[in-house]
Structure formats: structure tokens, C-alpha cells
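Asks: My structure is in protein34.csv, and what it holds is CSV, C-alpha atoms:
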chain,number,residue,atom,x,y,z
A,1,MET,CA,0.0,0.0,0.0
A,2,SER,CA,2.6,2.5,1.1
A,3,LEU,CA,4.6,1.6,-2.0
A,4,LYS,CA,1.6,2.3,-4.2
A,5,VAL,CA,1.2,5.7,-2.4
A,6,PHE,CA,4.9,6.4,-2.9
A,7,THR,CA,4.8,5.5,-6.6
A,8,THR,CA,1.7,7.6,-7.1
A,9,VAL,CA,3.3,10.6,-5.4
A,10,VAL,CA,6.5,10.1,-7.5
A,11,ALA,CA,4.4,9.9,-10.6
A,12,LEU,CA,2.4,13.0,-9.7
A,13,ILE,CA,5.6,14.9,-9.0
A,14,LEU,CA,7.0,13.8,-12.4
A,15,VAL,CA,3.8,14.9,-14.1
A,16,VAL,CA,3.8,18.3,-12.4
A,17,ALA,CA,7.5,18.7,-13.2
A,18,GLY,CA,6.8,17.7,-16.8
A,19,CYS,CA,4.0,20.2,-17.0
A,20,THR,CA,6.0,23.1,-15.7
A,21,ALA,CA,8.9,22.1,-18.0
A,22,VAL,CA,6.7,22.1,-21.2
A,23,PRO,CA,6.0,25.9,-21.5
A,24,SER,CA,9.6,26.9,-21.2
A,25,ALA,CA,10.6,24.2,-23.7
A,26,GLY,CA,7.8,25.5,-26.0
A,27,ASN,CA,9.2,29.0,-26.2
A,28,ALA,CA,12.4,27.8,-27.8
A,29,PRO,CA,14.0,31.3,-28.1
A,30,ALA,CA,13.1,32.4,-24.6
A,31,GLY,CA,13.4,36.1,-25.6
A,32,LEU,CA,12.3,37.8,-28.8
A,33,ALA,CA,11.3,36.0,-32.0
A,34,ILE,CA,10.9,38.0,-35.2
A,35,SER,CA,8.9,36.4,-38.0
A,36,GLU,CA,7.6,37.1,-41.5
A,37,PRO,CA,9.7,40.2,-42.1
A,38,TRP,CA,8.9,41.9,-45.5
A,39,VAL,CA,9.6,45.2,-47.2
A,40,ARG,CA,7.3,46.9,-49.7
A,41,ALA,CA,8.6,47.1,-53.3
A,42,ALA,CA,9.2,50.7,-54.4
A,43,ALA,CA,10.8,52.2,-57.5
A,44,THR,CA,12.0,55.3,-55.7
A,45,GLY,CA,11.6,57.5,-52.6
A,46,ASN,CA,10.6,55.7,-49.4
A,47,SER,CA,9.4,52.3,-48.4
A,48,ALA,CA,8.4,50.4,-45.2
A,49,ALA,CA,9.3,47.2,-43.4
A,50,TYR,CA,6.8,45.0,-41.6
A,51,MET,CA,7.1,42.0,-39.3
A,52,LEU,CA,5.8,40.2,-36.3
A,53,ILE,CA,7.8,40.6,-33.1
A,54,ARG,CA,7.0,38.1,-30.3
A,55,ASN,CA,8.3,38.4,-26.8
A,56,GLY,CA,8.5,35.0,-25.1
A,57,GLY,CA,10.2,36.5,-22.0
A,58,THR,CA,8.6,37.7,-18.8
A,59,ALA,CA,10.1,41.2,-19.2
A,60,ALA,CA,8.8,43.8,-21.6
A,61,ASP,CA,11.3,45.1,-24.2
A,62,ARG,CA,11.3,48.0,-26.6
A,63,LEU,CA,12.4,48.4,-30.2
A,64,VAL,CA,14.3,51.7,-30.1
A,65,LYS,CA,16.1,51.9,-33.5
A,66,ALA,CA,16.4,50.2,-36.9
A,67,GLU,CA,19.1,50.4,-39.5
A,68,SER,CA,19.5,49.3,-43.1
A,69,ASP,CA,22.0,50.3,-45.8
A,70,VAL,CA,19.3,50.4,-48.5
A,71,ALA,CA,18.0,53.8,-47.2
A,72,ALA,CA,19.5,57.1,-46.2
A,73,ALA,CA,17.6,57.0,-42.9
A,74,VAL,CA,15.5,54.4,-41.1
A,75,GLU,CA,12.9,55.5,-38.6
A,76,LEU,CA,10.0,54.0,-36.6
A,77,HIS,CA,6.7,55.4,-37.8
A,78,GLU,CA,3.0,55.0,-37.3
A,79,MET,CA,0.1,55.5,-39.6
A,80,LYS,CA,-3.3,56.4,-38.2
A,81,MET,CA,-6.7,57.1,-39.8
A,82,GLU,CA,-8.5,59.9,-38.2
A,83,GLY,CA,-11.8,61.1,-39.6
A,84,GLY,CA,-11.0,59.8,-43.0
A,85,MET,CA,-7.6,61.5,-43.0
A,86,MET,CA,-4.4,59.5,-43.2
A,87,LYS,CA,-1.8,60.7,-40.7
A,88,MET,CA,1.8,59.5,-40.4
A,89,ALA,CA,4.3,60.4,-37.7
A,90,PRO,CA,7.5,59.1,-36.2
A,91,VAL,CA,7.3,57.2,-32.8
A,92,GLU,CA,9.9,57.2,-30.1
A,93,GLY,CA,10.0,53.5,-29.8
A,94,ILE,CA,7.8,50.4,-30.0
A,95,ALA,CA,7.0,48.6,-26.8
A,96,ILE,CA,7.0,44.8,-27.0
A,97,PRO,CA,5.0,43.6,-24.0
A,98,ALA,CA,6.2,40.6,-21.9
A,99,THR,CA,4.8,37.3,-23.2
A,100,GLY,CA,3.1,39.3,-25.9
A,101,GLN,CA,3.6,40.4,-29.5
A,102,VAL,CA,3.5,43.5,-31.7
A,103,GLU,CA,2.7,43.4,-35.4
A,104,LEU,CA,4.2,45.9,-37.7
A,105,LYS,CA,1.8,46.0,-40.5
A,106,PRO,CA,0.4,48.1,-43.4
A,107,GLY,CA,-1.8,51.0,-42.1
A,108,GLY,CA,-0.2,50.9,-38.6
A,109,LEU,CA,3.3,50.7,-37.1
A,110,HIS,CA,6.1,50.2,-39.5
A,111,ILE,CA,9.9,50.7,-39.9
A,112,MET,CA,10.2,53.4,-42.5
A,113,LEU,CA,13.0,53.4,-45.0
A,114,ILE,CA,13.5,57.0,-46.0
A,115,GLY,CA,15.4,57.9,-49.2
A,116,LEU,CA,16.0,54.6,-50.9
A,117,LYS,CA,19.4,54.2,-52.4
A,118,ARG,CA,18.2,51.7,-55.0
A,119,GLU,CA,15.0,50.3,-56.4
A,120,LEU,CA,13.5,47.6,-54.3
A,121,LYS,CA,12.1,44.9,-56.6
A,122,ALA,CA,9.8,42.0,-55.5
A,123,GLY,CA,11.7,38.9,-54.8
A,124,GLU,CA,14.9,40.7,-53.6
A,125,SER,CA,15.8,40.7,-49.9
A,126,VAL,CA,16.8,43.6,-47.6
A,127,LYS,CA,18.9,43.3,-44.5
A,128,LEU,CA,17.8,45.2,-41.4
A,129,THR,CA,19.3,45.6,-38.0
A,130,LEU,CA,16.9,46.1,-35.2
A,131,HIS,CA,18.0,47.5,-31.8
A,132,PHE,CA,16.1,46.5,-28.7
A,133,GLU,CA,16.5,48.0,-25.3
A,134,LYS,CA,17.1,44.6,-23.6
A,135,ALA,CA,17.6,42.0,-26.4
A,136,GLY,CA,20.2,44.2,-28.1
A,137,ALA,CA,20.8,44.1,-31.9
A,138,ARG,CA,19.0,41.6,-34.1
A,139,GLU,CA,19.7,41.0,-37.8
A,140,VAL,CA,16.7,40.4,-40.0
A,141,THR,CA,16.5,39.5,-43.7
A,142,ALA,CA,13.3,40.8,-45.2
A,143,GLN,CA,11.7,39.7,-48.5
A,144,VAL,CA,10.7,42.5,-50.9
A,145,ARG,CA,7.1,42.1,-51.9
B,1,MET,CA,-65.9,53.3,-44.9
B,2,SER,CA,-63.9,51.4,-47.5
B,3,ARG,CA,-63.3,54.8,-49.3
B,4,LYS,CA,-61.6,56.1,-46.2
B,5,ILE,CA,-59.2,53.2,-46.0
B,6,ARG,CA,-58.3,52.9,-49.7
B,7,PRO,CA,-56.3,56.1,-50.2
B,8,PRO,CA,-53.8,55.5,-47.4
B,9,VAL,CA,-53.2,51.9,-48.7
B,10,ILE,CA,-52.6,53.2,-52.2
B,11,TRP,CA,-50.2,55.9,-50.9
B,12,LEU,CA,-48.4,53.2,-48.9
B,13,LEU,CA,-48.0,51.1,-52.0
B,14,VAL,CA,-46.8,54.1,-54.0
B,15,ALA,CA,-44.3,55.0,-51.2
B,16,ALA,CA,-43.0,51.4,-51.0
B,17,GLY,CA,-42.6,51.3,-54.8
B,18,LEU,CA,-40.7,54.6,-54.8
B,19,LEU,CA,-38.5,53.4,-52.0
B,20,LEU,CA,-37.8,50.2,-54.0
B,21,ILE,CA,-36.9,52.1,-57.1
B,22,ALA,CA,-34.7,54.5,-55.1
B,23,CYS,CA,-32.9,51.6,-53.5
B,24,LEU,CA,-32.3,49.5,-56.6
B,25,PRO,CA,-29.4,51.4,-58.1
B,26,ALA,CA,-27.8,51.9,-54.7
B,27,ARG,CA,-27.9,48.2,-54.0
B,28,LYS,CA,-25.4,47.5,-56.8
B,29,LEU,CA,-22.7,49.8,-55.3
B,30,HIS,CA,-20.3,48.7,-52.6
B,31,GLY,CA,-18.8,52.1,-51.7
B,32,VAL,CA,-20.5,55.2,-50.2
B,33,PRO,CA,-22.8,56.5,-53.0
B,34,TYR,CA,-23.5,60.2,-53.4
B,35,ASP,CA,-27.1,61.0,-52.8
B,36,ARG,CA,-27.3,62.8,-56.2
B,37,PRO,CA,-24.7,61.9,-58.7
B,38,ARG,CA,-23.3,65.1,-60.0
B,39,PRO,CA,-20.7,66.0,-62.7
B,40,ALA,CA,-17.3,65.2,-61.2
B,41,PRO,CA,-15.4,68.4,-60.4
B,42,ASP,CA,-12.6,69.0,-63.0
B,43,LEU,CA,-9.0,68.5,-62.0
B,44,PRO,CA,-7.3,71.5,-63.6
B,45,LEU,CA,-3.8,70.1,-63.2
B,46,ALA,CA,-1.0,68.7,-65.4
B,47,ASP,CA,0.0,65.1,-65.7
B,48,GLN,CA,3.4,63.5,-64.9
B,49,PHE,CA,4.6,64.4,-68.4
B,50,GLY,CA,3.6,68.0,-68.1
B,51,ARG,CA,0.5,67.8,-70.3
B,52,ALA,CA,-2.6,69.7,-69.3
B,53,PHE,CA,-5.3,67.3,-68.0
B,54,SER,CA,-9.0,67.5,-68.4
B,55,LEU,CA,-11.6,65.1,-67.0
B,56,ALA,CA,-13.7,65.6,-70.1
B,57,ASP,CA,-11.1,63.7,-72.1
B,58,GLN,CA,-11.8,60.6,-69.9
B,59,ARG,CA,-15.4,60.3,-71.0
B,60,GLY,CA,-16.3,56.7,-71.7
B,61,LYS,CA,-14.0,55.5,-68.9
B,62,VAL,CA,-14.5,54.8,-65.3
B,63,VAL,CA,-12.1,57.1,-63.5
B,64,ALA,CA,-10.8,56.4,-60.0
B,65,VAL,CA,-9.3,59.5,-58.2
B,66,TYR,CA,-7.0,59.2,-55.3
B,67,PHE,CA,-5.2,62.0,-53.5
B,68,GLY,CA,-1.8,61.1,-51.9
B,69,TYR,CA,1.9,61.7,-52.0
B,70,THR,CA,4.9,59.6,-53.1
B,71,SER,CA,6.9,60.0,-49.9
B,72,CYS,CA,4.0,58.1,-48.1
B,73,PRO,CA,5.4,54.6,-47.8
B,74,ASP,CA,2.3,52.8,-46.6
B,75,VAL,CA,-1.3,53.8,-47.2
B,76,CYS,CA,-0.7,55.4,-50.7
B,77,PRO,CA,1.1,52.4,-52.2
B,78,ILE,CA,-1.4,50.1,-50.7
B,79,THR,CA,-4.2,51.9,-52.4
B,80,LEU,CA,-2.4,52.3,-55.7
B,81,ALA,CA,-1.6,48.5,-55.6
B,82,GLN,CA,-5.3,47.9,-55.0
B,83,LEU,CA,-6.2,49.9,-58.1
B,84,THR,CA,-3.6,48.0,-60.1
B,85,GLN,CA,-5.3,44.8,-58.9
B,86,VAL,CA,-8.7,46.1,-60.0
B,87,TRP,CA,-7.2,46.9,-63.4
B,88,ARG,CA,-5.8,43.4,-63.7
B,89,GLY,CA,-9.1,41.9,-62.7
B,90,LEU,CA,-10.8,43.4,-65.7
B,91,SER,CA,-10.9,41.9,-69.2
B,92,SER,CA,-8.7,43.6,-71.8
B,93,THR,CA,-11.6,45.6,-73.3
B,94,GLU,CA,-12.8,46.6,-69.8
B,95,ALA,CA,-9.3,47.6,-68.8
B,96,ASP,CA,-9.2,50.1,-71.7
B,97,ARG,CA,-12.3,51.8,-70.0
B,98,PHE,CA,-10.7,52.2,-66.6
B,99,GLN,CA,-8.3,55.0,-65.6
B,100,PRO,CA,-6.8,55.4,-62.2
B,101,VAL,CA,-5.7,59.0,-61.4
B,102,PHE,CA,-3.3,59.8,-58.6
B,103,VAL,CA,-3.3,63.5,-57.5
B,104,THR,CA,-0.3,64.5,-55.5
B,105,VAL,CA,-1.0,66.6,-52.4
B,106,ASP,CA,2.8,67.3,-52.2
B,107,PRO,CA,3.7,69.0,-55.5
B,108,GLU,CA,6.8,70.5,-53.8
B,109,ARG,CA,8.5,67.1,-53.6
B,110,ASP,CA,6.5,65.2,-56.2
B,111,THR,CA,7.9,66.8,-59.4
B,112,GLU,CA,7.0,65.4,-62.8
B,113,PRO,CA,10.0,62.9,-63.0
B,114,VAL,CA,9.3,61.8,-59.4
B,115,LEU,CA,5.7,61.2,-60.1
B,116,ALA,CA,6.4,59.4,-63.4
B,117,ARG,CA,9.0,57.1,-61.8
B,118,TYR,CA,6.8,56.3,-58.8
B,119,LEU,CA,3.7,55.5,-60.8
B,120,SER,CA,5.6,53.3,-63.3
B,121,ALA,CA,5.7,50.7,-60.5
B,122,PHE,CA,1.9,50.5,-60.5
B,123,ASP,CA,1.2,50.3,-64.2
B,124,ASN,CA,-1.0,47.5,-65.4
B,125,ALA,CA,1.3,45.4,-67.6
B,126,LEU,CA,-1.0,42.5,-68.6
B,127,ALA,CA,1.0,39.7,-70.2
B,128,GLY,CA,1.0,40.1,-73.9
B,129,ASP,CA,-1.1,43.2,-73.7
B,130,ARG,CA,-0.1,46.8,-74.2
B,131,PRO,CA,0.8,48.6,-70.9
B,132,ARG,CA,-1.7,51.0,-69.4
B,133,ASN,CA,-0.5,53.9,-67.4
B,134,PHE,CA,-1.6,55.6,-64.2
B,135,ILE,CA,-2.2,59.3,-64.7
B,136,GLY,CA,-0.4,61.3,-62.1
B,137,LEU,CA,-1.5,64.9,-61.6
B,138,ARG,CA,0.2,67.9,-60.0
B,139,GLY,CA,-0.3,71.6,-59.9
B,140,PRO,CA,0.3,74.8,-58.0
B,141,ALA,CA,-1.1,75.0,-54.5
B,142,GLU,CA,-4.1,77.1,-55.6
B,143,ALA,CA,-5.2,74.6,-58.3
B,144,LEU,CA,-4.6,71.7,-55.9
B,145,ALA,CA,-6.8,73.3,-53.2
B,146,ARG,CA,-9.6,73.7,-55.7
B,147,ALA,CA,-9.3,70.1,-56.8
B,148,LEU,CA,-9.3,68.8,-53.2
B,149,ASP,CA,-12.3,71.1,-52.4
B,150,GLY,CA,-14.3,69.7,-55.3
B,151,TYR,CA,-14.1,66.2,-53.9
B,152,GLY,CA,-14.5,67.2,-50.3
B,153,ALA,CA,-10.9,66.0,-49.7
B,154,ARG,CA,-8.3,67.6,-47.5
B,155,ALA,CA,-4.6,67.7,-47.2
B,156,GLU,CA,-2.4,69.4,-44.6
B,157,LYS,CA,1.4,69.7,-44.3
B,158,ARG,CA,2.8,68.5,-41.0
B,159,PRO,CA,6.4,69.4,-40.2
B,160,GLN,CA,8.3,66.5,-38.6
B,161,PRO,CA,11.4,68.3,-37.2
B,162,GLY,CA,12.9,65.2,-35.6
B,163,SER,CA,12.6,63.1,-38.7
B,164,ALA,CA,14.6,62.6,-41.9
B,165,ILE,CA,11.4,62.9,-43.8
B,166,GLY,CA,11.2,66.6,-42.9
B,167,TYR,CA,7.4,66.8,-43.2
B,168,THR,CA,4.5,64.5,-43.8
B,169,MET,CA,1.1,65.2,-45.4
B,170,ASP,CA,-2.1,64.4,-43.6
B,171,HIS,CA,-4.6,63.6,-46.3
B,172,THR,CA,-7.9,62.1,-47.2
B,173,ALA,CA,-7.3,58.5,-48.2
B,174,SER,CA,-10.5,57.7,-50.1
B,175,ILE,CA,-11.0,56.5,-53.6
B,176,PHE,CA,-13.5,58.5,-55.7
B,177,LEU,CA,-15.2,56.7,-58.6
B,178,ILE,CA,-16.5,58.6,-61.7
B,179,ASP,CA,-18.7,56.9,-64.2
B,180,PRO,CA,-18.1,57.0,-68.0
B,181,ALA,CA,-20.6,59.9,-68.3
B,182,GLY,CA,-18.4,62.0,-66.0
B,183,ASN,CA,-20.6,61.8,-62.9
B,184,LEU,CA,-19.2,61.4,-59.4
B,185,ILE,CA,-20.9,58.2,-58.3
B,186,GLU,CA,-19.4,57.0,-55.0
B,187,TRP,CA,-16.3,56.9,-52.8
B,188,PHE,CA,-14.5,54.1,-51.0
B,189,PRO,CA,-12.9,54.6,-47.6
B,190,TYR,CA,-9.3,53.4,-47.1
B,191,GLY,CA,-9.1,49.7,-46.7
B,192,ALA,CA,-12.1,48.8,-48.9
B,193,ALA,CA,-11.9,45.3,-50.5
B,194,VAL,CA,-10.4,45.1,-54.0
B,195,ASP,CA,-13.3,42.8,-55.0
B,196,ASP,CA,-15.9,45.4,-54.1
B,197,ILE,CA,-14.1,48.1,-56.0
B,198,LEU,CA,-13.7,45.8,-59.0
B,199,ALA,CA,-17.3,44.8,-58.9
B,200,ASP,CA,-18.4,48.5,-59.0
B,201,VAL,CA,-15.9,49.5,-61.7
B,202,ARG,CA,-17.2,46.6,-63.9
B,203,TYR,CA,-20.8,47.5,-63.1
B,204,LEU,CA,-20.2,51.2,-64.1
B,205,ILE,CA,-18.4,50.2,-67.3
B,206,GLY,CA,-21.2,47.8,-68.2
B,207,ARG,CA,-24.0,50.2,-67.3
B,208,GLU,CA,-22.9,52.5,-70.1
B,209,ARG,CA,-23.2,50.0,-72.9
Write out the structure in this file as C-alpha cells.

Replies:
Amino acid sequence: MSLKVFTTVVALILVVAGCTAVPSAGNAPAGLAISEPWVRAAATGNSAAYMLIRNGGTAADRLVKAESDVAAAVELHEMKMEGGMMKMAPVEGIAIPATGQVELKPGGLHIMLIGLKRELKAGESVKLTLHFEKAGAREVTAQVR
Amino acid sequence: MSRKIRPPVIWLLVAAGLLLIACLPARKLHGVPYDRPRPAPDLPLADQFGRAFSLADQRGKVVAVYFGYTSCPDVCPITLAQLTQVWRGLSSTEADRFQPVFVTVDPERDTEPVLARYLSAFDNALAGDRPRNFIGLRGPAEALARALDGYGARAEKRPQPGSAIGYTMDHTASIFLIDPAGNLIEWFPYGAAVDDILADVRYLIGRER
């Protein structure tokens, strides 16, 4: 009897340990994960980069700067529709909440590529370096669409 | 007694009939229709090659008018790409009867060559078919203000001192549709579905035959 109780307790402990181990194993890159990066094709002028930034960590982070050698300047911008008017303005940084995500997407937040040095054609790729307050620098290769 | 009842019933039927007639044409449109279609206000501007433009020359075509600026990296190219998609969704004969027009609200930066180069990325190059070009319009501030006013659109310069872009333009981001007879029919807000715009362009082209 006592052996049965013992094995049950051990089994339970193992199950609990297994359960708690699963989530941390599921978030393979415990910190930031950047997926589906892409850049809008443009003949001249400016363009924008978009992506999904997931934060698997328990601390909030912040995208503070981005760089790329395809443009004269790279800034973080946001588009807003207000009363049928489209408005665009730079933002100081983009907060990435703990265990959350931020999507940079058309019509919203984006990384703006100002003063393209060359034409960006669909199918090409563009390298970007993103600087996060905590996670540091991350290199991203974005597809031109 | 029955005489007293009959007239209201008849008027009710007449009213219902009128309502039905009034609703019929509107039901075919997916955008925001104008209560009373009116002649589309002219756009007294010049195109990307410096030629004077007149809406009257576009009779027989459905014209889509969009106000924007080429430094805008997001909402403007999204909308222009949508209009290219509409163009590509049409048959070759229909495509000849559709003309998207981009009016720059930033003539200061959007010079003729800038406009021409920018718009070339959105042309409708159907495989094995002749290319069809966007018309890009620009003009002095006064003419632009008149054009905007005619469509109930607005544009405002917003300095961005901390940014490499220098300034941005807040602007109306709607698409205005003009029928082949030159009447302003409806407008689509930003983000409208391509299929809805395509359906209406096709309907307005077909209605004229």
C-alpha cells in the first residue's frame, strides 16, 4: 500500500515537473522572436518594413532603433486614420510587452525606409538591424514584396 | 368606410414602390454612393509628363481618383496597388475603359519625374497586352486646393522636425469613382476590399453600354 502511495506521489511529481517544463521548452527562443519580415517594393523614394515581433520573455522590451543600408535614414513610424484623414508620424520606440507580440503591418506601425538608395524589386531581400532596449541588436533579412 | 381606407393603402404602396426604385441602383454599389450623382469636379492640373489634364477627355471611362503623395510609404502604395489589382481583374476591353488617377498633395517634392517614376511601379502590364499607365496629376497650391475642395478631400502639411522625412502630409485617403458619363458616383474609404471596387468598376463600365 505504502509503495503504491509512494509511486503515485512520485508519478504526480513527475507529471507536475513535466507540465512546468513544457511551457519553457515550447518557447524555444526564450526572448524575442521575429517572423515574417517583409519590405514593400518601391521604385524610388521611401518604403516600409513590416514583421511580427513576439516576446516570449517575462520582461517587456522595446524596439528603439532600426538600421539598413538600402535607405538614407531608417525610422519607426506609425500610420493612423483619423476622420478619413491618413496621418503618419515618427514614434519614439515600439514597446514589446512581456509574453506578448506586436505586429508591424500596413496601415499601422512600420519601420520606415527614407530615401531609398536603390529600387526595391519584388523577390529581392533587404537586411535590417533592429535594436532592442534589452535584447540588443538583431539582424533580420526581409523579403521584398 | 372602405373609401376612407383605400387612399392610405394606395399611398403606402406608391411609397413602397418609390423606395424600392430608389434603393435599386444603390444596392449595386459597394462604396458610399452620393445621394445625387453630379458632374465630377474637374482637376485643372498637369499630368506626370507636363501635359494639361481634363476630365472631359476621360469620358467613356470609369475614373478612380486618389489624393496622396509619393513619400508616403504605406497607405498610398497600398491603395495604388489595389487599383492595379482592380485593373488586372478586368478583361482587356474593360481595362481600356478604366483609368486610375493619382493626384499628389505634395507638388513640392513630387515633381514630374518623381511622379512618373513612382507611378511606373503600378502600371498595369498584362502579359502580352499593351501597358496601361496611371495618370499622375500635380499643380500649384491654388489649383490643388480647388481640386481637393471639389471632392470634399483635405490635405495638410505637418512638419516633422525630428525626422529625416522633414514633413508629412495628412490627407484624405478615399478612392473616388467617376462613371463613363463623367458623374461622381461614390467613394470608398481606405481599406475597402479590391473585389468590391472591382465589382463596381465593372458595373459602371457595363451600365454605359

Asks: Sorted by chain and rising residue number, which residues of chain B lie within 7 Å of chain A, and what are their closest atom pairs and distances in Å to one decimal, counting all atoms listed in the file, as CSV?

Replies:
residue,atom,partner,partner_atom,distance
B:Ser71,CA,A:Asn46,CA,5.7
B:Pro73,CA,A:Ser47,CA,4.7
B:Asp74,CA,A:Pro106,CA,6.0
B:Val75,CA,A:Gly107,CA,5.8
B:Arg117,CA,A:Ala43,CA,6.8
B:Tyr118,CA,A:Ala43,CA,5.9
B:Ala121,CA,A:Ala43,CA,6.1
B:Ser163,CA,A:Pro90,CA,6.9
B:Ala164,CA,A:Ala73,CA,6.4
B:Ile165,CA,A:Ile114,CA,6.6
B:Thr168,CA,A:Met88,CA,6.6
B:Asp170,CA,A:Lys87,CA,4.7
B:His171,CA,A:Met85,CA,4.9
B:Thr172,CA,A:Met85,CA,4.3
B:Ala173,CA,A:Met86,CA,5.9

Asks: Can you tell me which residues surround Ser125 in chain A at a distance of at most 6 Å, considering all atoms listed in the file, apart from same-chain residues fewer than 3 positions away, and format the answer as a list in words?

Replies: Ala142, Gln143 and Val144 of chain A

Asks: Within 12 Å of (0.2, 38.8, -29.0) (coordinates as in the file), grab all the protein and nucleic acid residues, counting all atoms listed in the file, and write them out as a CSV table (one decimal) with C-alpha atoms, in the frame of the given file.

Replies:
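So the final result, stored in selection36.csv, reads:
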chain,number,residue,atom,x,y,z
A,33,ALA,CA,11.3,36.0,-32.0
A,52,LEU,CA,5.8,40.2,-36.3
A,53,ILE,CA,7.8,40.6,-33.1
A,54,ARG,CA,7.0,38.1,-30.3
A,55,ASN,CA,8.3,38.4,-26.8
A,56,GLY,CA,8.5,35.0,-25.1
A,96,ILE,CA,7.0,44.8,-27.0
A,97,PRO,CA,5.0,43.6,-24.0
A,98,ALA,CA,6.2,40.6,-21.9
A,99,THR,CA,4.8,37.3,-23.2
A,100,GLY,CA,3.1,39.3,-25.9
A,101,GLN,CA,3.6,40.4,-29.5
A,102,VAL,CA,3.5,43.5,-31.7
A,103,GLU,CA,2.7,43.4,-35.4
A,104,LEU,CA,4.2,45.9,-37.7

Asks: Between CA of Leu80 in chain B and CA of Ser92 in chain B, what is the spacing in Å?

Replies: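 A separation of 19.4 Å between them.
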
Asks: Counting all atoms listed in the file, figure out which residue out of B:Pro41, B:Arg59, B:Ile10, B:Leu83 gets nearest to Ala193 in chain B.

Replies: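 Looking only at the distances to Ala193 in chain B, the closest residue turns out to be B:Leu83.
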
Asks: Write out as an mmCIF file with C-alpha atoms, keeping the file's coordinate frame which residues come within 10 Å of Arg109 in chain B when counting all atoms listed in the file, dropping same-chain ones fewer than 6 positions away.

Replies:
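Writing done, so here's out-v7.cif:
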data_model
loop_
_atom_site.group_PDB
_atom_site.id
_atom_site.type_symbol
_atom_site.label_atom_id
_atom_site.label_comp_id
_atom_site.auth_asym_id
_atom_site.auth_seq_id
_atom_site.Cartn_x
_atom_site.Cartn_y
_atom_site.Cartn_z
ATOM 1 C CA TYR B 69 1.900 61.700 -52.000
ATOM 2 C CA THR B 70 4.900 59.600 -53.100
ATOM 3 C CA SER B 71 6.900 60.000 -49.900
ATOM 4 C CA LEU B 115 5.700 61.200 -60.100
#

Asks: CA of Gly139 in chain B and CA of Ser54 in chain B, how far apart in Å?

Replies: 12.8 Å
